[in-house]
Amino acid sequence: MTSELRAPVELLGAKSDLPREYMSSLRKFWLIISRPRTQTAWLRERYGELVTIRSRSRSLRGQVWVYALSAEGARQILLADPAGYDPFWKEGFTGLAGPGSLWVLSGNRHRQERQLLSPPFHARGFSSYGENIREITRRKTETWQPGQTVRALDTTLSISMDVIMQLVFGVEEGVSFMQEGRRVLSALWRAAHPLIVFFPQLQRPWFPLWRRHTRARDDFSDWLGRHLSERRARTQESDDVLGRMLAARHEDGSHMQDEDIRDELYTILLAGHETTATALAWALYELGSHPAELQKLRAELAALGPDSDPGSVVKLPYLSAVCSETLRLHTILAEVARVITAPLQLSEYTIPPGASVIISIMAIHHDPALYPDPDEFIPERFIERTYTMFEFLPFGGGHRRCLGAALSDYEFRIALAEIVTHWEFEPAAVEREIRRDIAMGSSNGVRLRIKARRLAGATSSANSQTDPRPVSEGAELAEARMS
């Protein structure tokens, strides 16, 4: 059952005109969170581009969410004065990432912290690491064998972890500290269960998942504390993200506190580890299902020649289109949200303080008015048209846009180019999207069947060390997924 209201409704003791209202049960609200593609499409069809959502659940009583389901709604929200917003779900994210995380800072503190942290994440800061990312990718895929079925997400997570360890933490391969760091960071990432994020009342010692997270966070703090001591003892400066954080200074000349460094590095891990790995796994899935697009990408890469400069690779137009289309079709950050602290004009409505506005990136990325055949993988759409920052926003937008977006995109392109250049593969199972934590993921971790190792300079599977089985399974699985 639902109820729809168009008349002014009462919020925090004041009268305010809100968009049409959808009153949901806790189960239906969870459906919007866990299945955003289908649910936001239904909301847009029934309620239009703006909808107010309330829940009958006692745990969510009093909460008001205004969902923006269009690029125009995103434009109005993201261009509004940042001083009129507070972080969304602040209690849950503070318990998870700490009070020094950019996720929960606001006002001048948030502005100053972003200014301090932005230089280490500028594209120029890590462009010299292209060969590192390429070598990490080669090392993590060299155990693949023709005829083997692999869980692609396991490989891409391992790639992403080592990129973070080297480019962010500055830990070198072969050092025992690297092995410990991999274990500590993996445990911390796995402990970030959605229940302790979306239900902060469960962040208590009696709740098993919270106890597991607390142990993992304590281990991370201990490992990082020893790493910080070792880094400060070095005489030479380092170009990795942590080195730049240690060298950075606030406006008053002070250094970042260890607690703030810890909270920001944890945020980087949660925001950048699984998301980049998931995007890479989805790209392999789609390219394995679309041989023509895969061949077109390989031809573009081959034109650069073997062992081409990573700086040239990341600028290739079709590679860029493939990555963008993957991030659109398989939207990983399904929504971004703000809490209103000052009246917000949104279309013909005035949203009052205390309400939350949520931009459904998933709905925008699957809007047929922007993306015809939105459930199809069509990289060419990003060559034929330039989309605005409100029509294509895989990393969010505004003053809280993902700080590591450039690094994630850089890693994504280089790793994808490396894998498709050296391997023949196809999907081994039909995948579907599920909510994994704060982001979306794949149901089975993207299972791929490795068909062949491609020889240097190969332009087709005829020049590959092949597996003798038929090569049509990828196309058949693609058809099954769409049926």
# chains A, B, ... in the order shown; residues from 1 in each chain; ligands from 1
>>> residues_around(residues="His273 (chain A)", least_positions_apart="2", cutoff="10 Å", atoms="only C-alpha atoms", output="number ranges by chain")
A: 156-164, 185-186, 189, 267-271, 275-278, 408
>>> closest_atom_pairs(of="region 377-446 of chain A", to="region 71-77 of chain A", cutoff="9 Å", atoms="only C-alpha atoms", output="JSON lines")
{"residue": "A:Thr388", "atom": "CA", "partner": "A:Ala71", "partner_atom": "CA", "distance": 8.8}
{"residue": "A:Met389", "atom": "CA", "partner": "A:Arg75", "partner_atom": "CA", "distance": 8.4}
{"residue": "A:Phe390", "atom": "CA", "partner": "A:Ala71", "partner_atom": "CA", "distance": 5.2}
{"residue": "A:Glu391", "atom": "CA", "partner": "A:Ala71", "partner_atom": "CA", "distance": 5.2}
{"residue": "A:Phe392", "atom": "CA", "partner": "A:Ala71", "partner_atom": "CA", "distance": 8.4}
{"residue": "A:Gly397", "atom": "CA", "partner": "A:Ala74", "partner_atom": "CA", "distance": 8.8}
{"residue": "A:Gly398", "atom": "CA", "partner": "A:Ile77", "partner_atom": "CA", "distance": 8.6}
>>> select_by_dssp(residues="region 87-315 of chain A", states="alpha helix (DSSP H)", output="VMD selection string")
chain A and resid 90 to 97 107 to 117 123 to 126 130 to 141 152 to 163 176 to 190 194 to 198 208 to 233 241 to 247 258 to 289 291 to 302 310 to 313
>>> write_last_selection(atoms="C-alpha atoms", output="short mmCIF file (atom, residue, chain, number, x, y, z; two decimals), in the first residue's frame")
data_model
loop_
_atom_site.label_atom_id
_atom_site.label_comp_id
_atom_site.auth_asym_id
_atom_site.auth_seq_id
_atom_site.Cartn_x
_atom_site.Cartn_y
_atom_site.Cartn_z
CA LYS A 90 26.54 11.27 9.60
CA GLU A 91 26.15 9.02 12.64
CA GLY A 92 26.58 5.83 10.65
CA PHE A 93 29.63 7.04 8.70
CA THR A 94 31.28 8.62 11.74
CA GLY A 95 31.16 5.30 13.58
CA LEU A 96 32.51 3.51 10.53
CA ALA A 97 35.23 5.81 9.19
CA GLY A 107 31.65 23.69 6.71
CA ASN A 108 35.12 25.21 6.83
CA ARG A 109 36.66 22.03 8.22
CA HIS A 110 35.47 20.08 5.19
CA ARG A 111 36.65 22.77 2.77
CA GLN A 112 40.10 23.00 4.38
CA GLU A 113 40.55 19.23 4.46
CA ARG A 114 39.64 18.88 0.77
CA GLN A 115 42.08 21.64 -0.13
CA LEU A 116 44.77 19.86 1.86
CA LEU A 117 44.09 16.44 0.33
CA ALA A 123 46.14 13.37 -12.08
CA ARG A 124 49.65 14.81 -12.44
CA GLY A 125 50.54 13.35 -9.05
CA PHE A 126 50.27 9.70 -10.07
CA GLY A 130 51.33 3.89 -14.96
CA GLU A 131 54.02 1.25 -15.33
CA ASN A 132 53.50 0.20 -11.70
CA ILE A 133 49.80 -0.41 -12.34
CA ARG A 134 50.61 -2.30 -15.54
CA GLU A 135 53.15 -4.51 -13.76
CA ILE A 136 50.77 -5.19 -10.86
CA THR A 137 48.09 -6.24 -13.35
CA ARG A 138 50.47 -8.58 -15.18
CA ARG A 139 51.61 -10.16 -11.93
CA LYS A 140 48.06 -10.76 -10.69
CA THR A 141 46.87 -12.36 -13.95
CA ALA A 152 37.39 -11.97 -11.87
CA LEU A 153 36.58 -9.87 -8.82
CA ASP A 154 39.17 -11.78 -6.77
CA THR A 155 41.84 -10.80 -9.29
CA THR A 156 40.70 -7.19 -9.67
CA LEU A 157 40.46 -6.75 -5.89
CA SER A 158 44.03 -8.01 -5.60
CA ILE A 159 45.12 -5.54 -8.29
CA SER A 160 43.33 -2.67 -6.56
CA MET A 161 44.77 -3.62 -3.16
CA ASP A 162 48.36 -3.54 -4.41
CA VAL A 163 47.76 -0.25 -6.23
CA SER A 176 57.03 -8.25 4.79
CA PHE A 177 55.12 -5.15 5.82
CA MET A 178 53.26 -5.42 2.48
CA GLN A 179 51.95 -8.89 3.35
CA GLU A 180 50.75 -7.72 6.75
CA GLY A 181 49.17 -4.64 5.18
CA ARG A 182 47.28 -6.72 2.64
CA ARG A 183 45.87 -8.86 5.43
CA VAL A 184 44.96 -5.90 7.65
CA LEU A 185 43.37 -3.83 4.88
CA SER A 186 41.43 -6.80 3.46
CA ALA A 187 40.03 -7.61 6.91
CA LEU A 188 39.03 -3.97 7.43
CA TRP A 189 37.30 -3.78 4.07
CA ARG A 190 35.40 -7.04 4.67
CA PRO A 194 26.03 -2.52 5.33
CA LEU A 195 24.06 -3.28 8.50
CA ILE A 196 26.49 -1.31 10.67
CA VAL A 197 26.46 1.54 8.15
CA PHE A 198 22.74 1.95 7.54
CA PRO A 208 28.90 -9.37 16.41
CA LEU A 209 29.43 -7.50 13.14
CA TRP A 210 30.40 -4.35 15.03
CA ARG A 211 32.83 -6.28 17.24
CA ARG A 212 34.45 -7.68 14.09
CA HIS A 213 34.73 -4.18 12.63
CA THR A 214 36.22 -2.82 15.87
CA ARG A 215 38.90 -5.54 15.90
CA ALA A 216 39.74 -4.89 12.25
CA ARG A 217 39.93 -1.15 12.81
CA ASP A 218 42.20 -1.61 15.85
CA ASP A 219 44.52 -3.82 13.78
CA PHE A 220 44.56 -1.18 11.03
CA SER A 221 45.37 1.58 13.54
CA ASP A 222 48.25 -0.48 14.94
CA TRP A 223 49.66 -1.30 11.50
CA LEU A 224 49.31 2.29 10.30
CA GLY A 225 50.88 3.68 13.49
CA ARG A 226 54.01 1.59 12.93
CA HIS A 227 54.04 2.57 9.26
CA LEU A 228 53.76 6.28 10.11
CA SER A 229 56.68 6.00 12.54
CA GLU A 230 58.79 4.33 9.88
CA ARG A 231 57.83 6.92 7.26
CA ARG A 232 58.67 9.86 9.52
CA ALA A 233 62.10 8.34 10.19
CA VAL A 241 49.66 9.86 -1.31
CA LEU A 242 50.67 9.19 2.29
CA GLY A 243 53.99 10.97 1.78
CA ARG A 244 52.18 14.02 0.50
CA MET A 245 49.74 13.89 3.39
CA LEU A 246 52.63 13.84 5.85
CA ALA A 247 54.22 16.83 4.12
CA ASP A 258 47.66 10.90 12.99
CA GLU A 259 43.99 10.29 13.82
CA ASP A 260 42.89 12.39 10.84
CA ILE A 261 45.37 10.62 8.53
CA ARG A 262 44.00 7.28 9.75
CA ASP A 263 40.38 8.31 9.14
CA GLU A 264 41.12 9.66 5.66
CA LEU A 265 43.12 6.59 4.64
CA TYR A 266 40.30 4.36 5.84
CA THR A 267 37.89 6.43 3.77
CA ILE A 268 40.14 6.03 0.74
CA LEU A 269 40.22 2.27 1.28
CA LEU A 270 36.44 1.95 1.55
CA ALA A 271 35.73 4.35 -1.31
CA GLY A 272 38.42 3.22 -3.72
CA HIS A 273 39.24 -0.45 -3.20
CA GLU A 274 36.13 -2.40 -4.13
CA THR A 275 34.63 0.26 -6.42
CA THR A 276 37.55 0.31 -8.86
CA ALA A 277 37.86 -3.48 -8.73
CA THR A 278 34.15 -3.94 -9.37
CA ALA A 279 34.20 -1.58 -12.35
CA LEU A 280 37.14 -3.50 -13.87
CA ALA A 281 35.39 -6.84 -13.36
CA TRP A 282 32.18 -5.54 -14.97
CA ALA A 283 34.15 -4.23 -17.97
CA LEU A 284 35.64 -7.68 -18.53
CA TYR A 285 32.16 -9.19 -18.27
CA GLU A 286 30.68 -6.84 -20.86
CA LEU A 287 33.60 -7.08 -23.28
CA GLY A 288 33.54 -10.87 -23.00
CA SER A 289 29.84 -10.73 -23.88
CA PRO A 291 33.11 -9.65 -29.14
CA ALA A 292 32.76 -6.80 -31.67
CA GLU A 293 33.36 -4.14 -29.03
CA LEU A 294 36.27 -6.14 -27.61
CA GLN A 295 37.86 -6.43 -31.04
CA LYS A 296 37.43 -2.70 -31.64
CA LEU A 297 39.15 -1.91 -28.35
CA ARG A 298 42.03 -4.27 -29.11
CA ALA A 299 42.54 -2.70 -32.52
CA GLU A 300 42.79 0.74 -30.91
CA LEU A 301 45.31 -0.53 -28.37
CA ALA A 302 47.34 -2.41 -31.01
CA PRO A 310 50.55 4.54 -20.22
CA GLY A 311 49.96 8.25 -20.69
CA SER A 312 48.98 7.58 -24.30
CA VAL A 313 46.86 4.55 -23.38
#
>>> select_by_dssp(residues="region 1-154 of chain A", states="strand (DSSP E or B)", output="MDAnalysis selection string")
chainID A and resid 9:11 14:16 21:24 50:55 65:68 85:87 149:151
>>> residues_around(residues="region 422-435 of chain A", least_positions_apart="4", cutoff="6 Å", atoms="only C-alpha atoms", output="ChimeraX atom specification")
/A:34,285,288,440-443,447-454,474,477,481
>>> write_last_selection(atoms="N, CA and C atoms", output="short mmCIF file (atom, residue, chain, number, x, y, z; two decimals), in the first residue's frame")
data_model
loop_
_atom_site.label_atom_id
_atom_site.label_comp_id
_atom_site.auth_asym_id
_atom_site.auth_seq_id
_atom_site.Cartn_x
_atom_site.Cartn_y
_atom_site.Cartn_z
N SER A 34 18.39 -1.75 -2.11
CA SER A 34 19.06 -2.95 -2.61
C SER A 34 18.88 -3.18 -4.10
N TYR A 285 33.41 -8.46 -18.02
CA TYR A 285 32.16 -9.19 -18.27
C TYR A 285 31.49 -8.70 -19.55
N GLY A 288 33.62 -9.45 -22.69
CA GLY A 288 33.54 -10.87 -23.00
C GLY A 288 32.22 -11.26 -23.61
N MET A 440 27.26 -0.74 -5.10
CA MET A 440 26.70 -1.87 -5.80
C MET A 440 27.83 -2.80 -6.25
N GLY A 441 27.50 -4.08 -6.40
CA GLY A 441 28.48 -5.05 -6.85
C GLY A 441 27.82 -6.13 -7.68
N SER A 442 28.57 -7.19 -7.96
CA SER A 442 28.07 -8.30 -8.77
C SER A 442 27.69 -9.47 -7.87
N SER A 443 26.72 -10.25 -8.33
CA SER A 443 26.19 -11.34 -7.51
C SER A 443 27.18 -12.47 -7.31
N ARG A 447 32.33 -14.36 -12.87
CA ARG A 447 33.07 -15.57 -13.22
C ARG A 447 33.39 -15.55 -14.72
N LEU A 448 34.68 -15.70 -15.04
CA LEU A 448 35.14 -15.70 -16.43
C LEU A 448 35.79 -17.03 -16.75
N ARG A 449 35.58 -17.49 -17.98
CA ARG A 449 36.32 -18.64 -18.47
C ARG A 449 37.48 -18.11 -19.32
N ILE A 450 38.69 -18.46 -18.94
CA ILE A 450 39.87 -18.02 -19.66
C ILE A 450 40.05 -18.93 -20.88
N LYS A 451 40.01 -18.34 -22.05
CA LYS A 451 40.09 -19.12 -23.28
C LYS A 451 41.51 -19.25 -23.81
N ALA A 452 42.31 -18.20 -23.66
CA ALA A 452 43.66 -18.24 -24.24
C ALA A 452 44.50 -17.10 -23.70
N ARG A 453 45.79 -17.32 -23.71
CA ARG A 453 46.74 -16.23 -23.48
C ARG A 453 47.11 -15.66 -24.85
N ARG A 454 46.90 -14.39 -25.06
CA ARG A 454 47.17 -13.77 -26.35
C ARG A 454 48.67 -13.48 -26.48
N GLY A 474 30.05 -16.67 -24.37
CA GLY A 474 29.86 -15.31 -23.91
C GLY A 474 28.64 -14.67 -24.51
N LEU A 477 25.49 -16.19 -23.01
CA LEU A 477 25.20 -15.67 -21.68
C LEU A 477 24.67 -14.27 -21.72
N ARG A 481 21.17 -13.06 -20.14
CA ARG A 481 21.05 -11.96 -19.19
C ARG A 481 19.94 -11.01 -19.60
#
>>> closest_residue(among="A:Ser360, A:Ala334, A:Leu202, A:Leu407", to="Glu49 (chain A)", atoms="only C-alpha atoms")
A:Ser360
>>> closest_residue(among="A:Val104, A:Ala41, A:Val446, A:Val66", to="Tyr22 (chain A)", atoms="only C-alpha atoms")
A:Val66
>>> closest_residue(among="A:Ala415, A:Val357, A:Leu316, A:Leu327", to="Ala68 (chain A)", atoms="only C-alpha atoms")
A:Val357
>>> atom_distance(atom1="CA of Gly396 (chain A)", atom2="CA of His255 (chain A)")
28.6 Å
>>> closest_residue(among="A:Ser70, A:Pro379, A:Asp309, A:Tyr387", to="Glu45 (chain A)", atoms="only C-alpha atoms")
A:Ser70
>>> closest_residue(among="A:Leu370, A:Leu102, A:Ala342, A:Leu43", to="Met23 (chain A)", atoms="only C-alpha atoms")
A:Leu43
>>> residues_around(residues="Glu335 (chain A)", least_positions_apart="4", cutoff="7 Å", atoms="only C-alpha atoms", output="tab-separated table (two decimals) with C-alpha atoms, in the first residue's frame")
chain	number	residue	atom	x	y	z
A	358	ILE	CA	19.08	12.15	-2.62
A	359	ILE	CA	20.34	12.18	-6.19
A	360	SER	CA	19.71	8.80	-7.78
A	361	ILE	CA	22.73	8.36	-10.03
A	362	MET	CA	21.32	4.98	-10.98
